$ cat input35.cif   # mmCIF, C-alpha atoms
data_start
loop_
_atom_site.label_atom_id
_atom_site.label_comp_id
_atom_site.auth_asym_id
_atom_site.auth_seq_id
_atom_site.Cartn_x
_atom_site.Cartn_y
_atom_site.Cartn_z
CA MET A 387 -14.01 82.45 -3.02
CA ILE A 388 -16.45 83.84 -0.43
CA PRO A 389 -16.94 80.48 1.37
CA ALA A 390 -13.14 80.08 1.45
CA LEU A 391 -12.72 83.56 2.96
CA LEU A 392 -15.42 82.88 5.56
CA LEU A 393 -13.79 79.58 6.47
CA PHE A 394 -10.41 81.36 6.81
CA MET A 395 -11.94 84.05 9.06
CA TYR A 396 -13.61 81.40 11.22
CA LEU A 397 -10.39 79.41 11.56
CA SER A 398 -8.38 82.57 12.47
CA ALA A 399 -10.92 83.50 15.15
CA THR A 400 -10.85 79.94 16.55
CA MET A 401 -7.03 79.93 16.60
CA ASP A 402 -6.97 83.27 18.47
CA ARG A 403 -9.38 81.88 21.03
CA LEU A 404 -7.36 78.68 21.41
CA MET A 405 -4.14 80.65 21.87
CA ALA A 406 -5.74 82.88 24.52
CA ASP A 407 -6.92 79.70 26.31
CA GLN A 408 -3.32 78.54 26.67
CA GLN A 409 -2.44 81.29 29.17
CA PHE A 410 -3.45 80.96 32.79
CA GLU A 411 -2.27 81.66 36.32
CA VAL A 412 -2.86 79.91 39.65
CA PRO A 413 -1.89 81.97 42.74
CA THR A 414 1.03 80.46 44.67
CA GLU A 415 -0.94 80.72 47.93
CA GLU A 416 -3.68 78.53 46.41
CA PHE A 417 -1.09 75.90 45.48
CA LEU A 418 0.40 76.05 48.99
CA ALA A 419 -2.98 75.88 50.70
CA GLN A 420 -3.76 72.76 48.68
CA ALA A 421 -0.37 71.19 49.37
CA PHE A 422 -0.40 71.82 53.12
CA SER A 423 -4.16 71.38 53.73
CA GLY A 424 -4.73 75.09 54.25
CA GLN A 425 -1.87 75.46 56.77
CA ALA A 426 1.12 76.55 54.72
CA PRO A 427 4.29 77.00 56.77
CA LYS A 428 6.13 80.34 56.71
CA PRO A 429 8.49 80.78 53.77
CA THR A 430 12.26 80.49 54.04
CA VAL A 431 14.80 81.59 51.45
CA LEU A 432 17.69 79.79 49.88
CA TRP A 433 20.45 81.88 48.34
CA LEU A 434 21.82 80.59 45.05
CA THR A 435 25.48 81.27 45.61
CA GLY A 436 28.77 79.37 45.34
CA THR A 437 28.65 75.79 44.04
CA LEU A 438 24.85 75.65 44.32
CA LYS A 439 24.61 78.48 41.79
CA ASP A 440 26.87 76.50 39.41
CA GLU A 441 24.92 73.27 39.90
CA VAL A 442 21.62 75.06 39.18
CA GLY A 443 23.25 76.69 36.14
CA ALA A 444 24.31 73.24 34.88
CA ILE A 445 20.73 71.94 35.12
CA LEU A 446 19.15 74.98 33.46
CA ASP A 447 21.98 75.67 30.99
CA HIS A 448 21.97 79.25 32.23
CA LYS A 449 22.01 81.26 35.44
CA TYR A 450 18.76 81.29 37.44
CA PRO A 451 17.36 84.83 37.08
CA SER A 452 17.21 85.61 40.80
CA LEU A 453 19.78 85.22 43.56
CA ARG A 454 17.39 83.74 46.07
CA VAL A 455 14.36 81.46 45.94
CA ARG A 456 11.77 80.92 48.61
CA TYR A 457 10.50 77.58 49.81
CA TRP A 458 8.02 76.25 52.33
CA ARG A 459 8.99 73.32 54.56
CA GLN A 460 7.05 71.04 56.88
CA ASP A 461 9.31 68.27 58.18
CA GLN A 462 10.54 66.43 55.06
CA ARG A 463 7.97 68.00 52.73
CA PHE A 464 9.09 70.97 50.69
CA ALA A 465 7.21 73.29 48.33
CA TRP A 466 9.01 75.33 45.68
CA ALA A 467 7.68 77.82 43.13
CA LEU A 468 10.26 78.18 40.36
CA GLU A 469 10.41 79.90 36.99
CA GLU A 470 11.97 79.04 33.66
CA ILE A 471 11.51 80.42 30.15
CA GLY A 472 9.65 78.05 27.84
CA LYS A 473 10.06 79.64 24.43
CA ASP A 474 9.82 83.36 25.13
CA ARG A 475 8.06 83.79 28.44
CA PRO A 476 8.58 82.36 31.92
CA ILE A 477 6.61 79.36 33.11
CA THR A 478 6.05 79.23 36.88
CA ALA A 479 5.74 75.76 38.32
CA GLY A 480 5.08 74.52 41.84
CA PHE A 481 6.76 71.37 43.16
CA ILE A 482 6.01 69.38 46.29
CA ILE A 483 8.89 67.16 47.35
CA ASN A 484 8.60 64.54 50.06
CA ASN A 485 11.69 62.68 51.22
CA ASN A 486 13.63 63.78 48.16
CA ARG A 487 10.99 62.50 45.74
CA LEU A 488 8.49 64.53 43.73
CA GLU A 489 5.02 64.20 45.18
CA ASP A 490 3.15 66.78 43.13
CA VAL A 491 3.86 69.07 40.19
CA GLN A 492 1.61 71.90 39.07
CA VAL A 493 2.02 74.56 36.42
CA LEU A 494 1.17 77.78 38.26
CA ALA A 495 1.54 80.29 35.44
CA PHE A 496 1.77 79.75 31.71
CA ARG A 497 2.31 82.86 29.62
CA GLU A 498 3.23 81.42 26.20
CA THR A 499 0.72 81.22 23.37
CA ARG A 500 1.43 77.52 22.73
CA GLY A 501 2.21 74.49 24.85
CA GLY A 502 -0.30 75.09 27.66
CA GLU A 503 -1.11 71.35 27.55
CA ILE A 504 1.71 70.80 30.07
CA ARG A 505 -0.73 71.86 32.79
CA PHE A 506 -2.82 68.73 32.32
CA GLU A 507 -2.47 65.96 34.87
CA SER A 508 -1.75 63.49 32.08
CA PHE A 509 1.57 65.31 31.71
CA THR A 510 2.36 66.36 35.29
CA ARG A 511 1.68 62.94 36.86
CA GLN A 512 4.68 61.58 34.94
CA PHE A 513 6.83 63.37 37.56
CA ASP A 514 5.26 61.46 40.47
CA ASN A 515 7.89 59.81 42.64
CA ALA A 516 10.78 61.01 40.47
CA SER A 517 14.08 61.72 42.19
CA LEU A 518 17.42 63.11 41.12
CA LYS A 519 20.24 60.98 39.69
CA PRO A 520 23.81 61.95 40.72
CA SER A 521 24.22 63.28 37.16
CA GLY A 522 21.63 65.98 37.95
CA GLN A 523 18.92 64.41 35.78
CA LEU A 524 15.56 62.98 36.74
CA ASP A 525 15.53 59.21 37.27
CA THR A 526 12.17 58.98 35.48
CA ARG A 527 11.51 59.32 31.78
CA ILE A 528 9.19 62.26 31.01
CA ASP A 529 7.44 61.94 27.66
CA GLY A 530 7.04 65.09 25.60
CA VAL A 531 3.88 66.81 24.45
CA SER A 532 3.53 67.41 20.75
CA GLY A 533 4.10 71.11 19.97
CA ALA A 534 5.28 71.89 23.50
CA THR A 535 8.89 70.64 23.42
CA LEU A 536 10.38 73.79 24.97
CA SER A 537 7.76 73.97 27.73
CA VAL A 538 8.30 70.26 28.52
CA ASN A 539 12.07 70.81 28.68
CA ALA A 540 11.55 73.77 31.00
CA MET A 541 9.42 71.59 33.31
CA ARG A 542 12.02 68.78 33.32
CA LYS A 543 14.74 71.28 34.25
CA LEU A 544 12.66 72.94 36.97
CA ALA A 545 11.75 69.56 38.51
CA ALA A 546 15.45 68.63 38.63
CA MET A 547 16.26 72.05 40.10
CA ALA A 548 13.60 71.68 42.84
CA LEU A 549 15.04 68.26 43.79
CA LEU A 550 18.58 69.64 43.83
CA LEU A 551 17.60 72.58 46.03
CA THR A 552 15.81 70.24 48.44
CA GLN A 553 18.87 68.00 48.67
CA HIS A 554 20.95 71.10 49.38
CA VAL A 555 18.67 72.22 52.23
CA VAL A 556 18.40 68.74 53.76
CA LYS A 557 22.19 68.18 53.66
CA MET B 397 -8.51 78.51 -26.82
CA HIS B 398 -5.29 76.83 -25.75
CA HIS B 399 -3.20 79.73 -27.08
CA HIS B 400 -5.31 82.28 -25.16
CA LEU B 401 -5.14 80.31 -21.97
CA HIS B 402 -1.36 79.94 -22.26
CA LYS B 403 -0.98 83.70 -22.91
CA TRP B 404 -3.07 84.58 -19.84
CA HIS B 405 -1.29 81.98 -17.76
CA ARG B 406 2.05 83.69 -18.57
CA ARG B 407 0.70 87.21 -17.95
CA ILE B 408 -0.78 86.33 -14.61
CA GLY B 409 2.35 84.35 -13.77
CA ALA B 410 4.65 87.32 -14.38
CA PHE B 411 2.56 89.53 -12.08
CA GLY B 412 2.18 86.88 -9.41
CA ALA B 413 5.85 85.89 -9.45
CA LEU B 414 7.01 89.21 -7.99
CA ILE B 415 4.67 88.99 -5.03
CA ALA B 416 5.33 85.27 -4.66
CA ILE B 417 9.07 86.06 -4.27
CA TYR B 418 8.20 88.70 -1.66
CA LEU B 419 5.96 86.20 0.18
CA ALA B 420 8.58 83.46 -0.02
CA ILE B 421 11.31 85.68 1.46
CA THR B 422 9.14 87.05 4.29
CA GLY B 423 7.75 83.53 4.89
CA LEU B 424 11.23 81.99 5.12
CA LEU B 425 12.34 84.69 7.54
CA LEU B 426 9.19 84.19 9.61
CA ASN B 427 9.99 80.51 10.03
CA HIS B 428 13.34 81.41 11.59
CA THR B 429 12.57 84.52 13.62
CA HIS B 430 13.66 82.90 16.88
CA ASP B 431 16.99 81.64 15.44
CA LEU B 432 17.66 85.07 13.95
CA GLY B 433 16.70 86.83 17.20
CA LEU B 434 14.00 88.83 15.41
CA ASP B 435 11.47 88.06 18.16
CA ARG B 436 13.75 89.70 20.71
CA THR B 437 14.79 92.85 18.87
CA HIS B 438 12.52 95.80 18.38
CA ALA B 439 12.19 98.27 15.53
CA ARG B 440 13.47 101.77 16.28
CA SER B 441 12.91 103.39 12.87
CA ASN B 442 10.81 106.54 13.05
CA LEU B 443 8.80 105.43 10.01
CA LEU B 444 7.82 102.12 11.64
CA LEU B 445 7.07 103.83 14.97
CA LYS B 446 4.75 106.16 13.05
CA LEU B 447 3.13 103.30 11.12
CA TYR B 448 2.45 101.43 14.37
CA LYS B 449 1.31 104.66 16.07
CA VAL B 450 3.78 104.11 18.92
CA LYS B 451 3.62 106.95 21.41
CA PRO B 452 6.81 108.24 23.09
CA GLN B 453 7.62 106.08 26.11
CA ALA B 454 6.78 107.46 29.52
CA GLY B 455 9.85 108.06 31.67
CA ARG B 456 9.78 108.14 35.48
CA THR B 457 12.62 108.35 37.91
CA THR B 458 13.44 108.33 41.63
CA ARG B 459 16.58 108.61 43.72
CA THR B 460 17.60 106.54 46.72
CA GLY B 461 20.97 107.16 48.36
CA GLN B 462 23.49 107.56 45.56
CA LEU B 463 21.40 105.51 43.12
CA THR B 464 18.97 106.65 40.46
CA VAL B 465 16.19 104.21 39.67
CA SER B 466 14.30 104.90 36.44
CA GLN B 467 11.76 103.36 34.14
CA LEU B 468 11.51 104.14 30.46
CA GLY B 469 8.55 102.43 28.82
CA GLU B 470 8.70 99.00 30.46
CA THR B 471 12.44 98.90 31.12
CA LEU B 472 13.72 99.41 34.66
CA PHE B 473 17.16 100.94 35.14
CA LEU B 474 19.49 101.13 38.13
CA ASP B 475 21.56 104.18 37.22
CA ASN B 476 22.13 103.43 33.53
CA ARG B 477 21.94 99.64 33.72
CA PRO B 478 18.77 97.95 32.39
CA VAL B 479 17.78 95.52 35.15
CA GLY B 480 14.28 94.32 34.23
CA GLN B 481 11.00 94.80 32.43
CA ASP B 482 7.66 95.66 33.99
CA PRO B 483 4.59 96.91 32.13
CA MET B 484 3.29 98.66 35.24
CA PRO B 485 4.64 102.06 36.30
CA ILE B 486 7.38 102.43 38.89
CA THR B 487 6.06 103.74 42.21
CA GLY B 488 9.24 104.13 44.29
CA ALA B 489 12.59 102.81 45.47
CA VAL B 490 14.42 102.57 48.78
CA LEU B 491 17.88 101.48 49.86
CA TYR B 492 17.63 98.68 52.40
CA GLY B 493 20.99 97.59 53.75
CA ASP B 494 23.02 96.67 50.69
CA MET B 495 19.89 96.03 48.66
CA VAL B 496 17.71 98.27 46.53
CA LEU B 497 13.96 97.74 46.68
CA VAL B 498 12.03 98.99 43.67
CA THR B 499 8.25 98.93 43.46
CA THR B 500 6.02 99.11 40.43
CA ARG B 501 2.24 99.06 40.70
CA GLY B 502 2.25 95.24 40.78
CA HIS B 503 5.66 94.06 41.97
CA LEU B 504 8.44 94.66 44.45
CA TYR B 505 11.90 93.98 43.04
CA ILE B 506 14.86 93.31 45.30
CA PHE B 507 18.19 94.10 43.64
CA THR B 508 21.75 94.14 44.89
CA SER B 509 23.28 97.60 44.60
CA GLN B 510 25.12 96.25 41.51
CA GLY B 511 21.77 95.60 39.85
CA ASP B 512 21.59 91.80 40.20
CA LEU B 513 18.08 90.56 40.82
CA VAL B 514 17.59 88.94 44.22
CA GLU B 515 13.84 88.28 44.10
CA ILE B 516 10.57 89.56 42.66
CA LEU B 517 7.63 89.73 45.06
CA ASN B 518 3.95 90.19 44.32
CA GLN B 519 0.56 89.64 45.89
CA SER B 520 1.46 86.01 46.62
CA ALA B 521 4.11 87.21 49.08
CA GLY B 522 1.53 89.30 50.95
CA LEU B 523 1.96 92.59 49.11
CA PRO B 524 -1.06 94.65 48.05
CA ALA B 525 -2.42 94.15 44.53
CA SER B 526 -1.78 97.79 43.69
CA ILE B 527 1.34 99.32 45.22
CA GLN B 528 1.13 103.11 45.38
CA ARG B 529 4.35 103.92 47.25
CA ILE B 530 7.18 102.47 49.30
CA GLY B 531 9.04 103.99 52.22
CA LEU B 532 11.26 103.32 55.21
CA SER B 533 10.01 103.85 58.74
CA ILE B 534 12.12 105.52 61.37
CA LYS B 535 13.00 102.00 62.60
CA SER B 536 14.15 101.07 59.07
CA ARG B 537 11.12 98.91 58.41
CA VAL B 538 10.02 98.69 54.80
CA ILE B 539 6.44 99.95 54.43
CA VAL B 540 4.27 99.62 51.35
CA ASP B 541 1.07 101.60 50.83
CA ASP B 542 -1.76 100.73 48.44
CA GLY B 543 -3.60 104.00 49.00
CA ASN B 544 -5.85 102.65 51.75
CA ASN B 545 -3.81 100.13 53.70
CA TYR B 546 -0.23 99.66 54.78
CA VAL B 547 1.88 96.52 55.00
CA ALA B 548 5.28 96.19 56.65
CA ALA B 549 7.99 93.64 55.99
CA ASP B 550 9.96 91.51 58.42
CA PRO B 551 13.73 92.20 58.40
CA ASP B 552 14.38 89.47 55.77
CA LEU B 553 11.57 90.76 53.51
CA LEU B 554 9.91 87.35 53.62
CA THR B 555 6.53 88.08 55.15
CA TRP B 556 4.41 91.20 54.96
CA THR B 557 1.82 92.07 57.57
CA ALA B 558 -0.88 94.72 57.66
CA ILE B 559 -0.22 97.66 59.99
CA THR B 560 -2.27 100.70 60.94
CA SER B 561 -1.21 104.20 59.85
CA PRO B 562 2.55 104.29 60.35
CA THR B 563 4.18 107.50 61.53
CA SER B 564 7.47 109.03 60.42
CA VAL B 565 7.85 107.20 57.14
CA ASP B 566 10.28 108.51 54.56
CA TRP B 567 8.28 107.83 51.40
CA SER B 568 9.99 107.56 48.04
CA ASP B 569 9.00 110.16 45.42
CA VAL B 570 8.74 109.46 41.72
CA THR B 571 9.10 112.27 39.19
CA ALA B 572 8.96 112.62 35.41
CA MET B 573 12.22 111.99 33.60
CA PHE B 574 14.25 114.86 32.13
CA PRO B 575 14.53 114.82 28.30
CA GLU B 576 18.34 114.37 28.40
CA LYS B 577 18.00 111.34 30.65
CA ARG B 578 15.25 109.94 28.42
CA LYS B 579 17.51 110.29 25.38
CA LYS B 580 20.39 108.55 27.15
CA LEU B 581 18.26 105.64 28.40
CA SER B 582 16.41 105.26 25.08
CA ALA B 583 19.64 104.06 23.51
CA LEU B 584 19.97 101.37 26.21
CA ALA B 585 16.33 100.17 26.32
CA PRO B 586 15.06 97.43 23.98
CA GLY B 587 12.87 99.99 22.18
CA ALA B 588 9.18 100.74 22.25
CA GLY B 589 8.56 99.71 18.66
CA PRO B 590 7.11 96.38 17.55
CA SER B 591 9.39 93.33 17.46
CA TRP B 592 10.88 92.57 14.04
CA GLU B 593 8.90 89.32 14.13
CA ARG B 594 5.68 91.35 14.30
CA VAL B 595 6.87 93.62 11.45
CA LEU B 596 7.63 90.53 9.36
CA GLN B 597 4.21 89.01 10.11
CA ASP B 598 2.56 92.24 9.02
CA LEU B 599 4.73 92.46 5.91
CA HIS B 600 3.87 88.86 5.04
CA SER B 601 0.14 89.37 5.49
CA GLY B 602 0.19 92.83 3.89
CA ARG B 603 -1.24 94.42 7.06
CA LEU B 604 1.68 96.83 7.33
CA PHE B 605 0.31 98.66 4.26
CA GLY B 606 -3.26 98.77 5.55
CA ALA B 607 -6.30 97.58 3.63
CA ALA B 608 -4.47 97.97 0.27
CA GLY B 609 -1.72 95.60 1.45
CA ILE B 610 -4.20 92.96 2.58
CA PHE B 611 -6.05 93.29 -0.75
CA LEU B 612 -2.81 92.82 -2.70
CA ILE B 613 -1.87 89.68 -0.75
CA ASP B 614 -5.44 88.33 -1.15
CA LEU B 615 -5.20 89.08 -4.86
CA THR B 616 -1.93 87.16 -5.01
CA GLY B 617 -3.66 84.22 -3.39
CA VAL B 618 -6.33 84.31 -6.08
CA ILE B 619 -3.66 84.67 -8.79
CA ILE B 620 -1.77 81.62 -7.53
CA LEU B 621 -5.08 79.73 -7.54
CA LEU B 622 -5.78 80.83 -11.12
CA LEU B 623 -2.24 79.89 -12.16
CA ALA B 624 -2.63 76.43 -10.71
CA ILE B 625 -5.99 75.96 -12.47
CA SER B 626 -4.88 77.42 -15.82
CA GLY B 627 -1.63 75.43 -15.68
CA PHE B 628 -3.53 72.26 -14.94
CA VAL B 629 -6.02 72.91 -17.76
CA THR B 630 -3.13 73.69 -20.18
CA ILE B 631 -1.46 70.37 -19.35
CA ILE B 632 -4.70 68.44 -19.90
CA MET B 633 -5.40 70.22 -23.18
CA ARG B 634 -1.83 69.62 -24.38
CA LYS B 635 -2.11 65.91 -23.53
CA ARG B 636 -5.43 65.65 -25.37
CA ARG B 637 -3.91 67.28 -28.51
CA THR B 638 -0.98 64.88 -28.58
#
$ encode --input "input35.cif" --output "structure tokens"
Amino acid sequence: MIPALLLFMYLSATMDRLMADQQFEVPTEEFLAQAFSGQAPKPTVLWLTGTLKDEVGAILDHKYPSLRVRYWRQDQRFAWALEEIGKDRPITAGFIINNNRLEDVQVLAFRETRGGEIRFESFTRQFDNASLKPSGQLDTRIDGVSGATLSVNAMRKLAAMALLLTQHVVK
Amino acid sequence: MHHHLHKWHRRIGAFGALIAIYLAITGLLLNHTHDLGLDRTHARSNLLLKLYKVKPQAGRTTRTGQLTVSQLGETLFLDNRPVGQDPMPITGAVLYGDMVLVTTRGHLYIFTSQGDLVEILNQSAGLPASIQRIGLSIKSRVIVDDGNNYVAADPDLLTWTAITSPTSVDWSDVTAMFPEKRKKLSALAPGAGPSWERVLQDLHSGRLFGAAGIFLIDLTGVIILLLAISGFVTIIMRKRRT
């Protein structure tokens, strides 16, 4: 009985620690500095109104929570920092798009207790070179992460949204 | 021996069954809290608030133009419409064109006057880590103060730059909320109590009833173990007899 209780207490403590480890935050300016070699351009905003609002809504299956999003542009390279709810809390992800293709994806803030594995490069590099199909979906298959289905879906949607917004600005 | 074991097996079983039913129901509900929306709704019952030692929510309010901006607990309100959640206290609000800018200690929210969220800004946008107050300069520039330094926004509120002591700023004042207002907004806020998911977790583990609850659930665990063992032994003994 006592060994079983001790084992239970140890496992609970380990689980708590593991769950706390899932949450993290990378400042957007750090992501931008990395993406633009320390010389991030000034931000610009894109208003999500009219048909763009509907197209974003179709990708996310709901309205984007804010009416405008900011982006950073240097020629044909764009950086976006977008948010989407994973299970209960918003995930913030940064996207670098070059000539309408994803160049880099980073999870900037993860606030859920499970699914933080999506921050690993083994997951994010699947997005490399992906672009948007006319149907509004990514043209690249993104494999899931066990136990992080909702977070993975959120990342797929945000990647598609970033590509759509870029297309809209370039048009 | 076999008769005694069978008798005890039944006695323990009867006692354990009641708690097993309780555990099964709370366990089933726990598996579906998201589908049932129990992770998004909060308990309001006075008894539960007392059990969880929830203090009355702090209420702060400020006026800008014709609008009242308030915060009850974590919920932000534009007039009586809940428009967002922020754990940090509200520090001011100003009308800027047809937009309403609301600051909490850590964020600056831009809303339309109808309460739709335009953007949330924080330190990444160039704002101070701890926002103490917000105001409008005589030239209608938005100024934010962190207690030691000031930053001012460009007209589109995209970039914020440090400025030296600005003059003639109309700073926003935040005051405590009147009890009538608190009562009105309490009915519209999600509630300060724990989520029903948390209540269910604590019911399932027995924690809601303190040390006695945990002991009872532990005891049930031991009972189920004893039942399994005594049942197993009974089966073996019965097989041996036949």
$ atom_distance --input "input35.cif" --atom1 "CA of Arg537 (chain B)" --atom2 "CA of Gln425 (chain A)"
26.9 Å
$ closest_atom_pairs --input "input35.cif" --of "chain A" --to "chain B" --cutoff "10 Å" --atoms "all atoms listed in the file" --output "JSON lines"
{"residue": "A:Met387", "atom": "CA", "partner": "B:Val618", "partner_atom": "CA", "distance": 8.5}
{"residue": "A:Leu391", "atom": "CA", "partner": "B:Asp614", "partner_atom": "CA", "distance": 9.6}
{"residue": "A:Pro413", "atom": "CA", "partner": "B:Ser520", "partner_atom": "CA", "distance": 6.5}
{"residue": "A:Thr414", "atom": "CA", "partner": "B:Ser520", "partner_atom": "CA", "distance": 5.9}
{"residue": "A:Glu415", "atom": "CA", "partner": "B:Ser520", "partner_atom": "CA", "distance": 6.0}
{"residue": "A:Glu416", "atom": "CA", "partner": "B:Ser520", "partner_atom": "CA", "distance": 9.1}
{"residue": "A:Lys428", "atom": "CA", "partner": "B:Thr555", "partner_atom": "CA", "distance": 7.9}
{"residue": "A:Pro429", "atom": "CA", "partner": "B:Leu554", "partner_atom": "CA", "distance": 6.7}
{"residue": "A:Thr430", "atom": "CA", "partner": "B:Leu554", "partner_atom": "CA", "distance": 7.3}
{"residue": "A:Val431", "atom": "CA", "partner": "B:Leu554", "partner_atom": "CA", "distance": 7.9}
{"residue": "A:Trp433", "atom": "CA", "partner": "B:Val514", "partner_atom": "CA", "distance": 8.7}
{"residue": "A:Leu434", "atom": "CA", "partner": "B:Val514", "partner_atom": "CA", "distance": 9.4}
{"residue": "A:Tyr450", "atom": "CA", "partner": "B:Leu513", "partner_atom": "CA", "distance": 9.9}
{"residue": "A:Pro451", "atom": "CA", "partner": "B:Leu513", "partner_atom": "CA", "distance": 6.9}
{"residue": "A:Ser452", "atom": "CA", "partner": "B:Val514", "partner_atom": "CA", "distance": 4.8}
{"residue": "A:Leu453", "atom": "CA", "partner": "B:Val514", "partner_atom": "CA", "distance": 4.4}
{"residue": "A:Arg454", "atom": "CA", "partner": "B:Val514", "partner_atom": "CA", "distance": 5.5}
{"residue": "A:Val455", "atom": "CA", "partner": "B:Glu515", "partner_atom": "CA", "distance": 7.1}
{"residue": "A:Arg456", "atom": "CA", "partner": "B:Leu554", "partner_atom": "CA", "distance": 8.4}
{"residue": "A:Lys473", "atom": "CA", "partner": "B:His430", "partner_atom": "CA", "distance": 9.0}
{"residue": "A:Asp474", "atom": "CA", "partner": "B:Asp435", "partner_atom": "CA", "distance": 8.6}
$ residues_around --input "input35.cif" --residues "region 487-496 of chain B" --least-positions-apart "4" --cutoff "9 Å" --atoms "all atoms listed in the file" --output "PyMOL selection string"
chain B and resi 456-461+463-465+500-501+505-511+514+527-532+536-538+567-570
$ atom_distance --input "input35.cif" --atom1 "CA of Ile539 (chain B)" --atom2 "CA of Ser466 (chain B)"
20.2 Å
$ atom_distance --input "input35.cif" --atom1 "CA of Trp556 (chain B)" --atom2 "CA of Leu523 (chain B)"
6.5 Å
$ residues_around --input "input35.cif" --residues "Val538 (chain A)" --least-positions-apart "3" --cutoff "10 Å" --atoms "all atoms listed in the file" --output "ChimeraX atom specification"
/A:472,501-504,509-510,528-535,541-544
